[in-house]
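The file model_22.csv contains CSV, N, CA and C atoms:
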chain,number,residue,atom,x,y,z
A,1,MET,N,23.8,70.7,125.8
A,1,MET,CA,23.0,69.9,125.0
A,1,MET,C,23.2,70.2,123.5
A,2,ARG,N,23.5,69.1,122.8
A,2,ARG,CA,23.8,69.3,121.4
A,2,ARG,C,22.5,69.2,120.6
A,3,ARG,N,22.5,70.0,119.5
A,3,ARG,CA,21.3,69.9,118.6
A,3,ARG,C,21.6,69.1,117.4
A,4,LYS,N,20.6,68.5,116.8
A,4,LYS,CA,20.7,67.7,115.7
A,4,LYS,C,21.2,68.4,114.4
A,5,HIS,N,20.8,69.6,114.3
A,5,HIS,CA,21.2,70.4,113.1
A,5,HIS,C,22.6,70.8,113.0
A,6,ASP,N,23.4,70.7,114.1
A,6,ASP,CA,24.8,71.1,114.2
A,6,ASP,C,25.6,70.2,113.2
A,7,SER,N,25.3,69.0,113.1
A,7,SER,CA,26.1,68.1,112.1
A,7,SER,C,25.8,68.5,110.7
A,8,ARG,N,24.6,69.0,110.4
A,8,ARG,CA,24.3,69.4,109.0
A,8,ARG,C,25.0,70.7,108.7
A,9,VAL,N,25.1,71.6,109.7
A,9,VAL,CA,25.8,72.9,109.6
A,9,VAL,C,27.3,72.6,109.4
A,10,ASN,N,27.9,71.7,110.1
A,10,ASN,CA,29.3,71.4,110.0
A,10,ASN,C,29.6,70.8,108.6
A,11,LYS,N,28.7,69.9,108.1
A,11,LYS,CA,28.9,69.3,106.8
A,11,LYS,C,28.8,70.3,105.7
A,12,LYS,N,27.9,71.3,105.8
A,12,LYS,CA,27.8,72.4,104.8
A,12,LYS,C,29.1,73.3,104.9
A,13,PHE,N,29.5,73.5,106.1
A,13,PHE,CA,30.7,74.4,106.2
A,13,PHE,C,31.9,73.7,105.6
A,14,TYR,N,32.1,72.4,105.9
A,14,TYR,CA,33.2,71.7,105.3
A,14,TYR,C,33.1,71.6,103.8
A,15,PHE,N,31.9,71.4,103.3
A,15,PHE,CA,31.7,71.3,101.9
A,15,PHE,C,32.1,72.6,101.2
A,16,TRP,N,31.5,73.7,101.7
A,16,TRP,CA,31.8,75.0,101.0
A,16,TRP,C,33.2,75.5,101.2
A,17,SER,N,33.8,75.1,102.3
A,17,SER,CA,35.2,75.4,102.6
A,17,SER,C,36.1,74.7,101.6
A,18,THR,N,35.8,73.4,101.3
A,18,THR,CA,36.6,72.6,100.4
A,18,THR,C,36.4,73.2,99.0
A,19,ILE,N,35.2,73.5,98.6
A,19,ILE,CA,34.9,74.1,97.3
A,19,ILE,C,35.7,75.4,97.1
A,20,THR,N,35.7,76.2,98.1
A,20,THR,CA,36.4,77.5,98.0
A,20,THR,C,37.9,77.3,97.9
A,21,ILE,N,38.4,76.4,98.6
A,21,ILE,CA,39.9,76.1,98.5
A,21,ILE,C,40.2,75.5,97.1
A,22,ILE,N,39.4,74.7,96.6
A,22,ILE,CA,39.7,74.1,95.3
A,22,ILE,C,39.6,75.2,94.2
A,23,VAL,N,38.6,76.1,94.3
A,23,VAL,CA,38.5,77.2,93.3
A,23,VAL,C,39.7,78.1,93.4
A,24,LEU,N,40.2,78.4,94.6
A,24,LEU,CA,41.3,79.3,94.8
A,24,LEU,C,42.6,78.6,94.2
A,25,LEU,N,42.7,77.3,94.4
A,25,LEU,CA,43.9,76.6,93.9
A,25,LEU,C,43.9,76.6,92.4
A,26,ILE,N,42.7,76.5,91.8
A,26,ILE,CA,42.6,76.5,90.3
A,26,ILE,C,43.0,77.9,89.8
A,27,ILE,N,42.5,78.9,90.4
A,27,ILE,CA,42.8,80.3,90.0
A,27,ILE,C,44.3,80.6,90.1
A,28,LEU,N,44.9,80.2,91.3
A,28,LEU,CA,46.3,80.4,91.5
A,28,LEU,C,47.2,79.6,90.4
A,29,GLY,N,46.7,78.3,90.2
A,29,GLY,CA,47.4,77.5,89.2
A,29,GLY,C,47.4,78.1,87.8
A,30,TYR,N,46.2,78.7,87.4
A,30,TYR,CA,46.1,79.3,86.1
A,30,TYR,C,46.9,80.6,86.0
A,31,ALA,N,47.0,81.3,87.1
A,31,ALA,CA,47.8,82.6,87.1
A,31,ALA,C,49.3,82.2,87.0
A,32,LYS,N,49.7,81.1,87.6
A,32,LYS,CA,51.1,80.7,87.6
A,32,LYS,C,51.4,80.2,86.2
A,33,ALA,N,50.5,79.5,85.5
A,33,ALA,CA,50.7,79.0,84.2
A,33,ALA,C,50.8,80.1,83.2
A,34,GLN,N,50.1,81.2,83.4
A,34,GLN,CA,50.1,82.3,82.5
A,34,GLN,C,51.3,83.2,82.6
A,35,SER,N,52.1,83.1,83.7
A,35,SER,CA,53.2,84.0,83.9
A,35,SER,C,54.3,84.1,82.8
A,36,PRO,N,54.7,82.9,82.2
A,36,PRO,CA,55.6,83.0,81.1
A,36,PRO,C,55.1,83.8,79.9
A,37,GLN,N,53.8,83.6,79.6
A,37,GLN,CA,53.1,84.3,78.5
A,37,GLN,C,53.1,85.8,78.8
A,38,VAL,N,52.8,86.2,80.0
A,38,VAL,CA,52.8,87.6,80.4
A,38,VAL,C,54.2,88.2,80.3
A,39,GLN,N,55.2,87.5,80.7
A,39,GLN,CA,56.5,88.0,80.7
A,39,GLN,C,57.0,88.2,79.2
A,40,ALA,N,56.7,87.2,78.4
A,40,ALA,CA,57.0,87.3,77.0
A,40,ALA,C,56.3,88.5,76.3
A,41,LYS,N,55.1,88.7,76.7
A,41,LYS,CA,54.4,89.9,76.1
A,41,LYS,C,55.0,91.2,76.5
A,42,LYS,N,55.4,91.3,77.8
A,42,LYS,CA,56.1,92.5,78.2
A,42,LYS,C,57.4,92.7,77.5
A,43,GLU,N,58.2,91.7,77.3
A,43,GLU,CA,59.5,91.8,76.6
A,43,GLU,C,59.3,92.1,75.1
A,44,ALA,N,58.3,91.5,74.5
A,44,ALA,CA,58.0,91.8,73.1
A,44,ALA,C,57.5,93.2,72.9
A,45,TYR,N,56.7,93.7,73.8
A,45,TYR,CA,56.3,95.1,73.8
A,45,TYR,C,57.4,96.1,73.9
A,46,LEU,N,58.4,95.8,74.8
A,46,LEU,CA,59.6,96.7,74.9
A,46,LEU,C,60.4,96.7,73.6
A,47,VAL,N,60.5,95.6,73.0
A,47,VAL,CA,61.3,95.6,71.7
A,47,VAL,C,60.5,96.3,70.6
A,48,ALA,N,59.1,96.1,70.6
A,48,ALA,CA,58.3,96.8,69.6
A,48,ALA,C,58.3,98.4,69.9
A,49,LYS,N,58.4,98.7,71.1
A,49,LYS,CA,58.4,100.2,71.4
A,49,LYS,C,59.8,100.8,71.0
A,50,LYS,N,60.8,100.0,71.2
A,50,LYS,CA,62.2,100.5,70.9
A,50,LYS,C,62.4,100.6,69.4
A,51,TYR,N,62.1,99.5,68.7
A,51,TYR,CA,62.4,99.4,67.2
A,51,TYR,C,61.3,99.9,66.3
A,52,GLY,N,60.1,99.6,66.7
A,52,GLY,CA,58.9,99.9,65.9
A,52,GLY,C,58.2,101.2,66.3
A,53,ASN,N,58.6,101.9,67.3
A,53,ASN,CA,58.0,103.1,67.8
A,53,ASN,C,56.5,102.9,68.1
A,54,VAL,N,56.2,101.7,68.6
A,54,VAL,CA,54.8,101.4,68.9
A,54,VAL,C,54.4,102.1,70.2
A,55,ARG,N,53.3,102.9,70.1
A,55,ARG,CA,52.8,103.6,71.2
A,55,ARG,C,51.8,102.8,72.0
A,56,LYS,N,50.9,102.2,71.3
A,56,LYS,CA,49.8,101.4,71.9
A,56,LYS,C,49.7,100.0,71.3
A,57,ALA,N,49.9,99.0,72.1
A,57,ALA,CA,49.8,97.6,71.6
A,57,ALA,C,48.4,97.2,71.7
A,58,GLU,N,47.9,96.7,70.5
A,58,GLU,CA,46.5,96.3,70.5
A,58,GLU,C,46.4,94.7,70.7
A,59,ASP,N,47.4,94.0,70.2
A,59,ASP,CA,47.3,92.5,70.3
A,59,ASP,C,48.6,91.9,70.4
A,60,PHE,N,48.7,90.7,70.8
A,60,PHE,CA,49.9,89.9,71.0
A,60,PHE,C,49.7,88.5,70.5
A,61,TYR,N,50.6,88.0,69.7
A,61,TYR,CA,50.5,86.7,69.1
A,61,TYR,C,51.8,85.9,69.4
A,62,VAL,N,51.7,84.6,69.5
A,62,VAL,CA,52.9,83.7,69.6
A,62,VAL,C,52.8,82.7,68.5
A,63,PHE,N,54.0,82.5,67.8
A,63,PHE,CA,54.1,81.5,66.8
A,63,PHE,C,55.2,80.6,67.1
A,64,ASN,N,54.9,79.3,67.1
A,64,ASN,CA,55.9,78.2,67.5
A,64,ASN,C,56.0,77.3,66.3
A,65,ARG,N,57.2,77.1,65.8
A,65,ARG,CA,57.4,76.1,64.8
A,65,ARG,C,58.8,75.6,65.2
A,66,LYS,N,59.8,75.9,64.4
A,66,LYS,CA,61.2,75.5,64.8
A,66,LYS,C,61.7,76.5,65.8
A,67,GLN,N,61.3,77.7,65.7
A,67,GLN,CA,61.6,78.7,66.7
A,67,GLN,C,60.3,79.4,67.2
A,68,THR,N,60.5,80.2,68.2
A,68,THR,CA,59.3,80.9,68.7
A,68,THR,C,59.4,82.4,68.3
A,69,TYR,N,58.4,82.9,67.8
A,69,TYR,CA,58.3,84.3,67.4
A,69,TYR,C,57.1,85.0,68.1
A,70,TYR,N,57.3,86.2,68.5
A,70,TYR,CA,56.3,87.0,69.1
A,70,TYR,C,55.9,88.2,68.2
A,71,THR,N,54.6,88.4,68.1
A,71,THR,CA,54.2,89.5,67.3
A,71,THR,C,53.3,90.5,68.1
A,72,ILE,N,53.7,91.8,68.0
A,72,ILE,CA,52.9,92.8,68.6
A,72,ILE,C,52.3,93.6,67.5
A,73,TYR,N,51.0,93.8,67.6
A,73,TYR,CA,50.2,94.6,66.7
A,73,TYR,C,49.8,95.9,67.4
A,74,GLY,N,50.1,97.0,66.8
A,74,GLY,CA,49.7,98.3,67.5
A,74,GLY,C,49.8,99.5,66.6
A,75,THR,N,49.8,100.6,67.1
A,75,THR,CA,49.9,101.9,66.3
A,75,THR,C,51.2,102.6,66.8
A,76,ASN,N,51.8,103.3,65.8
A,76,ASN,CA,53.0,104.1,66.1
A,76,ASN,C,52.7,105.5,66.4
A,77,LYS,N,53.7,106.4,66.4
A,77,LYS,CA,53.5,107.8,66.8
A,77,LYS,C,52.6,108.5,65.7
A,78,ARG,N,52.7,108.1,64.5
A,78,ARG,CA,51.9,108.7,63.4
A,78,ARG,C,50.5,108.1,63.3
A,79,GLY,N,50.2,107.2,64.1
A,79,GLY,CA,48.8,106.6,64.0
A,79,GLY,C,48.7,105.4,63.0
A,80,GLN,N,49.9,105.0,62.5
A,80,GLN,CA,49.9,103.9,61.5
A,80,GLN,C,49.8,102.6,62.2
A,81,GLU,N,49.2,101.6,61.6
A,81,GLU,CA,49.2,100.3,62.1
A,81,GLU,C,50.6,99.6,61.9
A,82,VAL,N,51.1,99.0,62.9
A,82,VAL,CA,52.4,98.4,62.8
A,82,VAL,C,52.4,97.0,63.4
A,83,TYR,N,53.1,96.1,62.7
A,83,TYR,CA,53.3,94.7,63.2
A,83,TYR,C,54.8,94.6,63.5
A,84,VAL,N,55.2,94.2,64.7
A,84,VAL,CA,56.6,94.0,65.0
A,84,VAL,C,56.7,92.6,65.4
A,85,ILE,N,57.5,91.8,64.7
A,85,ILE,CA,57.7,90.4,64.9
A,85,ILE,C,59.2,90.2,65.4
A,86,THR,N,59.3,89.6,66.6
A,86,THR,CA,60.6,89.4,67.2
A,86,THR,C,60.8,87.9,67.5
A,87,SER,N,62.1,87.5,67.4
A,87,SER,CA,62.4,86.1,67.8
A,87,SER,C,62.4,86.0,69.3
A,88,GLN,N,62.3,84.8,69.8
A,88,GLN,CA,62.3,84.7,71.2
A,88,GLN,C,63.5,85.2,71.9
A,89,ASN,N,64.6,85.2,71.3
A,89,ASN,CA,65.9,85.7,71.9
A,89,ASN,C,66.0,87.2,71.6
A,90,GLY,N,65.2,87.8,70.8
A,90,GLY,CA,65.2,89.2,70.5
A,90,GLY,C,66.3,89.6,69.5
A,91,LYS,N,66.9,88.7,68.9
A,91,LYS,CA,68.0,89.0,67.9
A,91,LYS,C,67.4,89.4,66.5
A,92,LYS,N,66.3,88.8,66.2
A,92,LYS,CA,65.7,89.2,64.9
A,92,LYS,C,64.4,90.0,65.1
A,93,VAL,N,64.4,91.1,64.4
A,93,VAL,CA,63.2,92.0,64.6
A,93,VAL,C,62.8,92.4,63.2
A,94,ASN,N,61.5,92.2,62.9
A,94,ASN,CA,60.9,92.6,61.6
A,94,ASN,C,59.8,93.5,61.9
A,95,ILE,N,59.7,94.6,61.1
A,95,ILE,CA,58.7,95.6,61.3
A,95,ILE,C,57.9,95.8,60.0
A,96,TYR,N,56.6,95.7,60.1
A,96,TYR,CA,55.7,95.9,59.0
A,96,TYR,C,54.7,97.0,59.3
A,97,ALA,N,54.8,98.1,58.5
A,97,ALA,CA,53.9,99.2,58.7
A,97,ALA,C,53.0,99.4,57.6

Go ahead and express the file in the form of structure tokens.
Amino acid sequence: MRRKHDSRVNKKFYFWSTITIIVLLIILGYAKAQSPQVQAKKEAYLVAKKYGNVRKAEDFYVFNRKQTYYTIYGTNKRGQEVYVITSQNGKKVNIYA
């Protein structure tokens, strides 16, 4: 014998299942969209570590005009504040301490 409340339970289950799937898809889409930014940050940090002796990166900036430049702000071995600006291809590196 079927109960009347079974259809309400099924509707709630489908509703919350759909909401959960939509939220998961949004989170996965956001993570996928951020992956180039994360990769650029890693590469810029490696350049800053190599040329600017940056020990701890505090912040990361991206500048786009005719070319793309990445800036890492952090501190070096002496505790000085350092800005390391690199071009997207890594050929140009400017260090400001």

> Hey, can you check how far atom C of Lys56 in chain A sits from atom C of Gly90 in chain A?
Replying inline: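 About the pair atom C of Lys56 in chain A and atom C of Gly90 in chain A: they are 19.7 Å apart.
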
> Could you pull out all residues of chain A with a DSSP call of helix (DSSP H, G or I) and give them as a VMD selection string?
Replying inline: chain A and resid 5 to 52

> Could you state the separation of atom N of Gln80 in chain A and CA of Ala97 in chain A in Å, given to one decimal place?
Replying inline: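 Going from atom N of Gln80 in chain A over to CA of Ala97 in chain A covers 8.0 Å.
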
> Which neighbours of Val47 in chain A fall inside 9 Å, counting only C-alpha atoms, when residues of the same chain fewer than 4 positions from it are skipped, and could you give them as a PyMOL selection string?
Replying inline: chain A and resi 42-43+51-52+84+86+90+93

> Quick one: residues within 9 Å of Ala44 in chain A, only C-alpha atoms counted, chain neighbours fewer than 6 positions away excluded, as a PyMOL selection string?
Replying inline: chain A and resi 60+70-72+84-88+90

>> If I take CA of Tyr73 in chain A and CA of Glu58 in chain A, how far is one from the other in Å, to one decimal?
In response: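 Calculated distance between CA of Tyr73 in chain A and CA of Glu58 in chain A is 5.6 Å.
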
>> Show me the residues around (46.0, 100.8, 61.4) - criterion: an atom at most 12 Å away, only C-alpha atoms counted - as a list of chain:residue names.
In response: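 The residues near that point, listed by chain and number, are A:Val54, A:Lys56, A:Ala57, A:Glu58, A:Tyr73, A:Gly74, A:Thr75, A:Asn76, A:Lys77, A:Arg78, A:Gly79, A:Gln80, A:Glu81, A:Val82, A:Tyr83, A:Tyr96, A:Ala97.
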
Atoms kept (N, CA and C atoms) for selection, written as a CSV table (one decimal), in the coordinates of the input:
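Contents of out_14.csv, freshly written:
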chain,number,residue,atom,x,y,z
A,54,VAL,N,56.2,101.7,68.6
A,54,VAL,CA,54.8,101.4,68.9
A,54,VAL,C,54.4,102.1,70.2
A,56,LYS,N,50.9,102.2,71.3
A,56,LYS,CA,49.8,101.4,71.9
A,56,LYS,C,49.7,100.0,71.3
A,57,ALA,N,49.9,99.0,72.1
A,57,ALA,CA,49.8,97.6,71.6
A,57,ALA,C,48.4,97.2,71.7
A,58,GLU,N,47.9,96.7,70.5
A,58,GLU,CA,46.5,96.3,70.5
A,58,GLU,C,46.4,94.7,70.7
A,73,TYR,N,51.0,93.8,67.6
A,73,TYR,CA,50.2,94.6,66.7
A,73,TYR,C,49.8,95.9,67.4
A,74,GLY,N,50.1,97.0,66.8
A,74,GLY,CA,49.7,98.3,67.5
A,74,GLY,C,49.8,99.5,66.6
A,75,THR,N,49.8,100.6,67.1
A,75,THR,CA,49.9,101.9,66.3
A,75,THR,C,51.2,102.6,66.8
A,76,ASN,N,51.8,103.3,65.8
A,76,ASN,CA,53.0,104.1,66.1
A,76,ASN,C,52.7,105.5,66.4
A,77,LYS,N,53.7,106.4,66.4
A,77,LYS,CA,53.5,107.8,66.8
A,77,LYS,C,52.6,108.5,65.7
A,78,ARG,N,52.7,108.1,64.5
A,78,ARG,CA,51.9,108.7,63.4
A,78,ARG,C,50.5,108.1,63.3
A,79,GLY,N,50.2,107.2,64.1
A,79,GLY,CA,48.8,106.6,64.0
A,79,GLY,C,48.7,105.4,63.0
A,80,GLN,N,49.9,105.0,62.5
A,80,GLN,CA,49.9,103.9,61.5
A,80,GLN,C,49.8,102.6,62.2
A,81,GLU,N,49.2,101.6,61.6
A,81,GLU,CA,49.2,100.3,62.1
A,81,GLU,C,50.6,99.6,61.9
A,82,VAL,N,51.1,99.0,62.9
A,82,VAL,CA,52.4,98.4,62.8
A,82,VAL,C,52.4,97.0,63.4
A,83,TYR,N,53.1,96.1,62.7
A,83,TYR,CA,53.3,94.7,63.2
A,83,TYR,C,54.8,94.6,63.5
A,96,TYR,N,56.6,95.7,60.1
A,96,TYR,CA,55.7,95.9,59.0
A,96,TYR,C,54.7,97.0,59.3
A,97,ALA,N,54.8,98.1,58.5
A,97,ALA,CA,53.9,99.2,58.7
A,97,ALA,C,53.0,99.4,57.6

Enclose the full set of atoms of range 74-90 of chain A listed in the file within a box whose edges lie along x, y and z, apply 5 Å of padding to each of the six sides, and report centre and edge lengths in Å to one decimal as JSON.
{"center_x": 57.5, "center_y": 96.7, "center_z": 66.7, "size_x": 27.6, "size_y": 34.0, "size_z": 20.4}
